[in-house]
Amino acid sequence: MQANVDFYVGFLGLRLVKRTGGYEDAEQLHLFYGDGLGSPGSLVTFLVWEDGAPGRVGNGQVFEIAFAVPPASLGEWMTRALKYGVAVDGPMHEFGEAVLRLKDPDGIIVKLVASNLSATHPWGKAEIAPRRLRAVTILSEVPEETAAFIERFGYRRGPSRGSITRLLSDTDAVDIRDGSGYVPGIPGTGTADHVAFRASDTAAIDALREQLSRLNSSPTNVHDRRYFTSLYVREPAGTLLEVATDGPGFTVDEAAEQLGTTLMLPPADKDRADDLRIMLPQFALPGEARLPRRDLPFAHRFHTPENPDGSTIILLHGSGGTEADLMPLAHRVAPRATLLGVRGRSHEEGSARWFRRMTATTFDQADIKAEAEAFAAFVEGAITGYGLESGRISFLGFSNGGNFAAAMIGLQPGVIRRAILLRSMPVLETLPTADLSNVGVLMVSGSRDPFGDGSRLANWLAASGAKLEVHTIDAGHELVPQDTLVAQEWFGRNNGEDHGRHQNQQGTNR
């Protein structure tokens, strides 16, 4: 995501005009870039799937997007691309206009087109700044049907060039490229979800919906996106089209001079707004302080609080979770701790786990050991690469993540010295002999947990010399508010520099 911000704000010079939780999934960040006010016709937006599966560009998708830039600026854009390390093709000529072709960090083709189009609300350096969207290119197996469908949104037939037919409005163009025989598109990272057209107001949306119903088009959906109302429909080749109202616009909840500075969340998610602000990924605008980028063996995400105290909690999610799942709980436990959420690399039917399992209660021992070795390398790389204080690192794992953390304590001595294990059990068939006298562990079990009470794990930790606290609370396998209270109290007593040898302590609280 940081590379996306650096490209569209830093390199292209667009304004980040809004950052929100997604209206379909509030745990997904949605970024909007455009001119000074995010005017209709200037916007390009991105939904963030960090380390998501790449899609495939093909028929039924937007293939290219193009921005209009001042005609005299192409030479400076070529110099700018060299400075920023952006590969560029061109200049070339398309439909009588000079064009530079680039790719953004996710592989989406972005063209800069020499055009005298004006910006509605100019932003950036006037001599080179993108003015508005000039065109999009759609790949279609049925280009004639696609063109006929899109004409109803205010476009007329323009010139053709090779396999491309251009549709024109008064301000922009849609290029329909004949993709006969080409592969169908597959959604994923690096692909465009839809292209949006303008509607004046909700009455125009209602009229269009009625018109499309008479045409027996694909099903339509209408949604209130707060900043505009949108209708969605697919054209005959399958490309998703959005028709969005001009208003009320992005200043409905932010002053014009403050656009894009505050994370906004959908009204439907107001009850968990505080948690979402912790879970959604952070980034830096150009010129702001930022963490370095490090290529480590596990996908991971930081949450840095406003006033960090130097402590770090590394989070290991449960089966099917993500690196962000435990961030709200951890933030309540330690509001000033930096949170490092990590994603397990094993998968089961598309759900992330920390190691393979053979049955519900038997696990791949070789995989556990291999992943433990890789995770130890990750922790070492994170400490050196991000400058973490090794003596102030704690680990918090839930369920499968807690099981993996417990295995790490035995398999990779010294990596984990403080751990909060929630609903954990031993997964190693043979628990190793280890000196854990420099390890502090909090175990929180649920009295109604159908997966067991963790007593075998607790006995091994205590026998190995760990400073152990065991709490059993009124819960099943799910997390409950008392988990936070117990962990908060334990963390407050144990968030110092590495402790030395301690007497074993084991208790039960109900």
# chains A, B, ... in the order shown; residues from 1 in each chain; ligands from 1
$ residues_around --residues "Arg156 (chain A)" --least-positions-apart "3" --cutoff "12 Å" --atoms "only C-alpha atoms" --output "ChimeraX atom specification"
/A:147-153,159,165-175
$ residues_around --residues "region 294-300 of chain A" --least-positions-apart "3" --cutoff "6 Å" --atoms "only C-alpha atoms" --output "ChimeraX atom specification"
/A:341-343,378
$ write_last_selection --atoms "all heavy atoms" --output "compact mmCIF listing (two decimals), in the first residue's frame"
# COMPACT_ATOMS: atom_id res chain seq x y z
N GLY A 341 1.55 -7.35 13.68
CA GLY A 341 0.72 -8.49 13.34
C GLY A 341 1.38 -9.29 12.22
O GLY A 341 1.85 -8.72 11.24
N VAL A 342 1.41 -10.60 12.37
CA VAL A 342 2.08 -11.47 11.40
C VAL A 342 1.06 -12.49 10.90
O VAL A 342 0.17 -12.92 11.64
CB VAL A 342 3.28 -12.19 12.05
CG1 VAL A 342 4.12 -12.90 10.98
CG2 VAL A 342 4.14 -11.20 12.83
N ARG A 343 1.19 -12.87 9.62
CA ARG A 343 0.25 -13.82 9.01
C ARG A 343 0.92 -15.18 8.83
O ARG A 343 2.01 -15.29 8.28
CB ARG A 343 -0.20 -13.31 7.64
CG ARG A 343 -1.32 -14.14 7.01
CD ARG A 343 -1.58 -13.73 5.57
NE ARG A 343 -1.73 -12.29 5.43
CZ ARG A 343 -1.77 -11.67 4.26
NH1 ARG A 343 -1.62 -12.36 3.13
NH2 ARG A 343 -1.91 -10.37 4.21
N PHE A 378 12.39 -14.59 10.99
CA PHE A 378 11.56 -13.39 10.84
C PHE A 378 11.75 -12.45 12.03
O PHE A 378 11.92 -11.23 11.86
CB PHE A 378 10.08 -13.77 10.72
CG PHE A 378 9.15 -12.61 10.87
CD1 PHE A 378 8.87 -11.78 9.79
CD2 PHE A 378 8.57 -12.31 12.10
CE1 PHE A 378 8.03 -10.69 9.93
CE2 PHE A 378 7.73 -11.22 12.24
CZ PHE A 378 7.46 -10.41 11.16
$ residues_around --residues "Thr433 (chain A)" --least-positions-apart "6" --cutoff "12 Å" --atoms "only C-alpha atoms" --output "PyMOL selection string"
chain A and resi 407+409-413+460-465
$ write_last_selection --atoms "C-alpha atoms" --output "PDB file, in the first residue's frame"
ATOM      1  CA  ALA A 407       5.907 -24.660  20.158  1.00  0.00           C
ATOM      2  CA  ILE A 409       9.210 -21.480  23.059  1.00  0.00           C
ATOM      3  CA  GLY A 410      10.436 -25.073  23.088  1.00  0.00           C
ATOM      4  CA  LEU A 411      11.869 -25.371  19.588  1.00  0.00           C
ATOM      5  CA  GLN A 412      13.613 -21.999  19.327  1.00  0.00           C
ATOM      6  CA  PRO A 413      14.777 -21.112  22.859  1.00  0.00           C
ATOM      7  CA  TRP A 460       5.456 -28.650  30.698  1.00  0.00           C
ATOM      8  CA  LEU A 461       6.057 -24.900  30.947  1.00  0.00           C
ATOM      9  CA  ALA A 462       6.139 -25.048  34.737  1.00  0.00           C
ATOM     10  CA  ALA A 463       8.397 -28.095  34.800  1.00  0.00           C
ATOM     11  CA  SER A 464      10.778 -26.360  32.372  1.00  0.00           C
ATOM     12  CA  GLY A 465      11.210 -23.407  34.737  1.00  0.00           C
TER      13      GLY A 465
END
$ closest_atom_pairs --of "region 406-488 of chain A" --to "region 308-327 of chain A" --cutoff "10 Å" --atoms "only C-alpha atoms" --output "CSV"
residue,atom,partner,partner_atom,distance
A:Ile416,CA,A:Ile314,CA,9.9
A:Arg418,CA,A:Ile313,CA,9.5
A:Ala419,CA,A:Ile313,CA,9.2
A:Ile420,CA,A:Leu315,CA,9.7
A:Leu421,CA,A:Leu316,CA,9.7
A:Leu422,CA,A:Gly318,CA,9.6
A:Arg423,CA,A:Gly318,CA,9.7
A:Ser424,CA,A:Gly318,CA,10.0
$ atom_distance --atom1 "CA of Arg101 (chain A)" --atom2 "CA of Asp89 (chain A)"
5.1 Å
$ select_by_dssp --residues "region 30-271 of chain A" --states "strand (DSSP E)" --output "ChimeraX atom specification"
/A:30-34,44-47,61-69,88-94,97-103,109-114,132-140,156-161,164-168,173-178,195-199,221-224,229-234,240-245,263-264
$ residues_around --residues "Tyr8 (chain A)" --least-positions-apart "6" --cutoff "9 Å" --atoms "only C-alpha atoms" --output "ChimeraX atom specification"
/A:14-16,33,104
$ select_by_dssp --residues "region 176-328 of chain A" --states "alpha helix (DSSP H)" --output "list in words"
Thr202, Ala203, Ala204, Ile205, Asp206, Ala207, Leu208, Arg209, Glu210, Gln211, Leu212, Ser213, Arg214, Leu215, Ala273, Asp274, Asp275, Leu276, Arg277, Ile278, Met279, Met327 and Pro328 of chain A
$ residues_around --residues "region 238-245 of chain A" --least-positions-apart "4" --cutoff "8 Å" --atoms "only C-alpha atoms" --output "PDB file with C-alpha atoms, in the first residue's frame"
ATOM      1  CA  ASN A  59     -11.709  -9.786 -21.142  1.00  0.00           C
ATOM      2  CA  GLY A  60     -14.396  -8.121 -19.072  1.00  0.00           C
ATOM      3  CA  GLN A  61     -11.983  -5.783 -17.302  1.00  0.00           C
ATOM      4  CA  VAL A  62     -10.534  -2.301 -17.482  1.00  0.00           C
ATOM      5  CA  ILE A 138     -11.848  -2.020 -21.706  1.00  0.00           C
ATOM      6  CA  ASP A 193     -12.671  -3.682 -10.200  1.00  0.00           C
ATOM      7  CA  HIS A 194     -14.870  -1.304 -12.198  1.00  0.00           C
ATOM      8  CA  VAL A 195     -15.108   1.956 -14.101  1.00  0.00           C
ATOM      9  CA  ALA A 196     -17.479   4.689 -12.925  1.00  0.00           C
ATOM     10  CA  PHE A 197     -19.612   7.109 -14.922  1.00  0.00           C
ATOM     11  CA  ARG A 198     -21.331  10.262 -13.713  1.00  0.00           C
ATOM     12  CA  ALA A 199     -24.960  10.846 -12.816  1.00  0.00           C
ATOM     13  CA  SER A 200     -26.251  14.246 -11.760  1.00  0.00           C
ATOM     14  CA  ASP A 201     -28.330  13.047  -8.794  1.00  0.00           C
ATOM     15  CA  THR A 202     -30.276  10.128  -7.322  1.00  0.00           C
ATOM     16  CA  ILE A 205     -29.877   6.873 -10.863  1.00  0.00           C
ATOM     17  CA  PHE A 228     -22.187   9.585  -3.692  1.00  0.00           C
ATOM     18  CA  THR A 229     -24.936   7.119  -4.517  1.00  0.00           C
ATOM     19  CA  SER A 230     -23.907   4.338  -6.881  1.00  0.00           C
ATOM     20  CA  LEU A 231     -25.623   1.957  -9.262  1.00  0.00           C
ATOM     21  CA  TYR A 232     -23.708  -1.123 -10.420  1.00  0.00           C
ATOM     22  CA  VAL A 233     -24.350  -3.111 -13.592  1.00  0.00           C
ATOM     23  CA  ARG A 234     -22.261  -5.314 -15.895  1.00  0.00           C
TER      24      ARG A 234
END
$ residues_around --residues "Ile368 (chain A)" --least-positions-apart "2" --cutoff "10 Å" --atoms "only C-alpha atoms" --output "list in words"
Ser346, Trp354, Phe355, Arg356, Arg357, Phe363, Asp364, Gln365, Ala366, Ala370, Glu371, Ala372, Glu373, Ala374, Phe404, Ala407, Met408, Leu411, Val427 and Leu428 of chain A
$ residues_around --residues "region 480-494 of chain A" --least-positions-apart "5" --cutoff "8 Å" --atoms "only C-alpha atoms" --output "PDB file with N, CA and C atoms, in the first residue's frame"
ATOM      1  N   LEU A 329      -7.537  -6.079  20.466  1.00  0.00           N
ATOM      2  CA  LEU A 329      -7.325  -6.631  21.799  1.00  0.00           C
ATOM      3  C   LEU A 329      -5.976  -6.190  22.354  1.00  0.00           C
ATOM      4  N   ALA A 330      -4.929  -6.321  21.538  1.00  0.00           N
ATOM      5  CA  ALA A 330      -3.586  -5.953  22.000  1.00  0.00           C
ATOM      6  C   ALA A 330      -3.496  -4.469  22.329  1.00  0.00           C
ATOM      7  N   ARG A 332      -5.907  -2.611  23.477  1.00  0.00           N
ATOM      8  CA  ARG A 332      -6.546  -2.411  24.778  1.00  0.00           C
ATOM      9  C   ARG A 332      -5.644  -2.907  25.907  1.00  0.00           C
ATOM     10  N   VAL A 333      -4.919  -3.965  25.668  1.00  0.00           N
ATOM     11  CA  VAL A 333      -3.986  -4.476  26.669  1.00  0.00           C
ATOM     12  C   VAL A 333      -2.862  -3.486  26.916  1.00  0.00           C
ATOM     13  N   ALA A 334      -2.316  -2.912  25.835  1.00  0.00           N
ATOM     14  CA  ALA A 334      -1.147  -2.022  25.951  1.00  0.00           C
ATOM     15  C   ALA A 334      -1.301  -0.882  24.948  1.00  0.00           C
ATOM     16  N   ARG A 418       8.592 -13.471  26.513  1.00  0.00           N
ATOM     17  CA  ARG A 418       7.333 -13.107  27.169  1.00  0.00           C
ATOM     18  C   ARG A 418       6.207 -13.473  26.221  1.00  0.00           C
ATOM     19  N   ILE A 420       1.773 -14.208  25.863  1.00  0.00           N
ATOM     20  CA  ILE A 420       0.384 -14.343  26.312  1.00  0.00           C
ATOM     21  C   ILE A 420      -0.259 -15.370  25.384  1.00  0.00           C
ATOM     22  N   LEU A 422      -3.548 -17.495  24.530  1.00  0.00           N
ATOM     23  CA  LEU A 422      -4.995 -17.545  24.732  1.00  0.00           C
ATOM     24  C   LEU A 422      -5.562 -18.784  24.058  1.00  0.00           C
ATOM     25  N   GLY A 440       8.633 -15.727  30.606  1.00  0.00           N
ATOM     26  CA  GLY A 440       7.398 -15.456  31.337  1.00  0.00           C
ATOM     27  C   GLY A 440       6.203 -15.729  30.448  1.00  0.00           C
ATOM     28  N   LEU A 442       1.818 -16.089  30.253  1.00  0.00           N
ATOM     29  CA  LEU A 442       0.444 -16.046  30.741  1.00  0.00           C
ATOM     30  C   LEU A 442      -0.394 -16.961  29.867  1.00  0.00           C
ATOM     31  N   VAL A 444      -4.320 -18.214  29.294  1.00  0.00           N
ATOM     32  CA  VAL A 444      -5.724 -17.961  29.634  1.00  0.00           C
ATOM     33  C   VAL A 444      -6.561 -19.016  28.918  1.00  0.00           C
ATOM     34  N   HIS A 471      -4.722 -18.735  34.041  1.00  0.00           N
ATOM     35  CA  HIS A 471      -6.046 -18.244  34.416  1.00  0.00           C
ATOM     36  C   HIS A 471      -7.090 -19.026  33.619  1.00  0.00           C
ATOM     37  N   ILE A 473     -11.021 -18.812  32.735  1.00  0.00           N
ATOM     38  CA  ILE A 473     -12.135 -17.857  32.793  1.00  0.00           C
ATOM     39  C   ILE A 473     -13.395 -18.496  32.233  1.00  0.00           C
ATOM     40  N   ALA A 475     -15.503 -18.966  29.705  1.00  0.00           N
ATOM     41  CA  ALA A 475     -15.540 -18.747  28.259  1.00  0.00           C
ATOM     42  C   ALA A 475     -15.393 -20.088  27.557  1.00  0.00           C
TER      43      ALA A 475
END
$ atom_distance --atom1 "CA of Thr304 (chain A)" --atom2 "CA of Leu339 (chain A)"
6.5 Å
$ decode --residues "region 472-496 of chain A" --atoms "N, CA, C and O atoms" --output "short mmCIF file (atom, residue, chain, number, x, y, z; two decimals), in the first residue's frame"
data_model
loop_
_atom_site.label_atom_id
_atom_site.label_comp_id
_atom_site.auth_asym_id
_atom_site.auth_seq_id
_atom_site.Cartn_x
_atom_site.Cartn_y
_atom_site.Cartn_z
N THR A 472 -8.09 -19.49 34.30
CA THR A 472 -9.23 -20.13 33.63
C THR A 472 -10.43 -19.22 33.83
O THR A 472 -10.80 -18.91 34.97
N ILE A 473 -11.02 -18.81 32.73
CA ILE A 473 -12.13 -17.86 32.79
C ILE A 473 -13.39 -18.50 32.23
O ILE A 473 -13.35 -19.54 31.58
N ASP A 474 -14.51 -17.86 32.49
CA ASP A 474 -15.80 -18.37 32.02
C ASP A 474 -15.95 -18.04 30.54
O ASP A 474 -16.42 -16.96 30.16
N ALA A 475 -15.50 -18.97 29.70
CA ALA A 475 -15.54 -18.75 28.26
C ALA A 475 -15.39 -20.09 27.56
O ALA A 475 -14.99 -21.10 28.16
N GLY A 476 -15.72 -20.09 26.29
CA GLY A 476 -15.44 -21.24 25.45
C GLY A 476 -14.12 -20.99 24.73
O GLY A 476 -13.16 -20.49 25.33
N HIS A 477 -14.08 -21.31 23.43
CA HIS A 477 -12.85 -21.09 22.68
C HIS A 477 -12.77 -19.66 22.15
O HIS A 477 -11.74 -19.23 21.66
N GLU A 478 -13.88 -18.91 22.27
CA GLU A 478 -13.90 -17.55 21.77
C GLU A 478 -13.23 -16.60 22.75
O GLU A 478 -13.06 -16.90 23.93
N LEU A 479 -12.83 -15.42 22.24
CA LEU A 479 -12.27 -14.39 23.09
C LEU A 479 -13.40 -13.59 23.74
O LEU A 479 -14.42 -13.31 23.10
N VAL A 480 -13.21 -13.22 25.00
CA VAL A 480 -14.21 -12.46 25.75
C VAL A 480 -13.52 -11.29 26.43
O VAL A 480 -12.28 -11.25 26.53
N PRO A 481 -14.28 -10.30 26.91
CA PRO A 481 -13.66 -9.13 27.54
C PRO A 481 -12.71 -9.47 28.68
O PRO A 481 -11.73 -8.74 28.91
N GLN A 482 -12.95 -10.57 29.42
CA GLN A 482 -12.07 -10.88 30.54
C GLN A 482 -10.67 -11.23 30.06
O GLN A 482 -9.69 -11.05 30.80
N ASP A 483 -10.53 -11.73 28.82
CA ASP A 483 -9.19 -11.97 28.29
C ASP A 483 -8.38 -10.70 28.31
O ASP A 483 -7.19 -10.69 28.67
N THR A 484 -9.00 -9.60 27.92
CA THR A 484 -8.30 -8.32 27.88
C THR A 484 -7.88 -7.89 29.29
O THR A 484 -6.75 -7.45 29.51
N LEU A 485 -8.79 -8.03 30.24
CA LEU A 485 -8.48 -7.59 31.60
C LEU A 485 -7.34 -8.39 32.21
O LEU A 485 -6.43 -7.83 32.83
N VAL A 486 -7.37 -9.73 32.01
CA VAL A 486 -6.32 -10.57 32.57
C VAL A 486 -4.98 -10.25 31.90
O VAL A 486 -3.94 -10.10 32.56
N ALA A 487 -4.99 -10.12 30.55
CA ALA A 487 -3.75 -9.84 29.83
C ALA A 487 -3.22 -8.46 30.16
O ALA A 487 -2.00 -8.26 30.27
N GLN A 488 -4.12 -7.50 30.33
CA GLN A 488 -3.70 -6.13 30.64
C GLN A 488 -2.97 -6.08 31.98
O GLN A 488 -1.91 -5.45 32.11
N GLU A 489 -3.50 -6.77 32.97
CA GLU A 489 -2.89 -6.76 34.30
C GLU A 489 -1.53 -7.46 34.26
O GLU A 489 -0.55 -6.97 34.82
N TRP A 490 -1.45 -8.59 33.55
CA TRP A 490 -0.19 -9.33 33.46
C TRP A 490 0.85 -8.52 32.69
O TRP A 490 2.01 -8.44 33.11
N PHE A 491 0.46 -7.91 31.59
CA PHE A 491 1.39 -7.14 30.78
C PHE A 491 1.95 -5.96 31.58
O PHE A 491 3.14 -5.63 31.49
N GLY A 492 1.09 -5.32 32.35
CA GLY A 492 1.55 -4.19 33.14
C GLY A 492 2.64 -4.57 34.13
O GLY A 492 3.50 -3.75 34.45
N ARG A 493 2.59 -5.81 34.61
CA ARG A 493 3.62 -6.26 35.56
C ARG A 493 4.85 -6.83 34.88
O ARG A 493 5.89 -7.01 35.54
N ASN A 494 4.77 -7.13 33.60
CA ASN A 494 5.86 -7.84 32.94
C ASN A 494 6.46 -7.10 31.74
O ASN A 494 7.29 -7.66 31.03
N ASN A 495 6.04 -5.86 31.51
CA ASN A 495 6.54 -5.13 30.35
C ASN A 495 7.77 -4.31 30.73
O ASN A 495 7.82 -3.09 30.58
N GLY A 496 8.80 -4.98 31.25
CA GLY A 496 10.06 -4.31 31.53
C GLY A 496 11.16 -4.96 30.73
O GLY A 496 10.93 -5.69 29.79
#
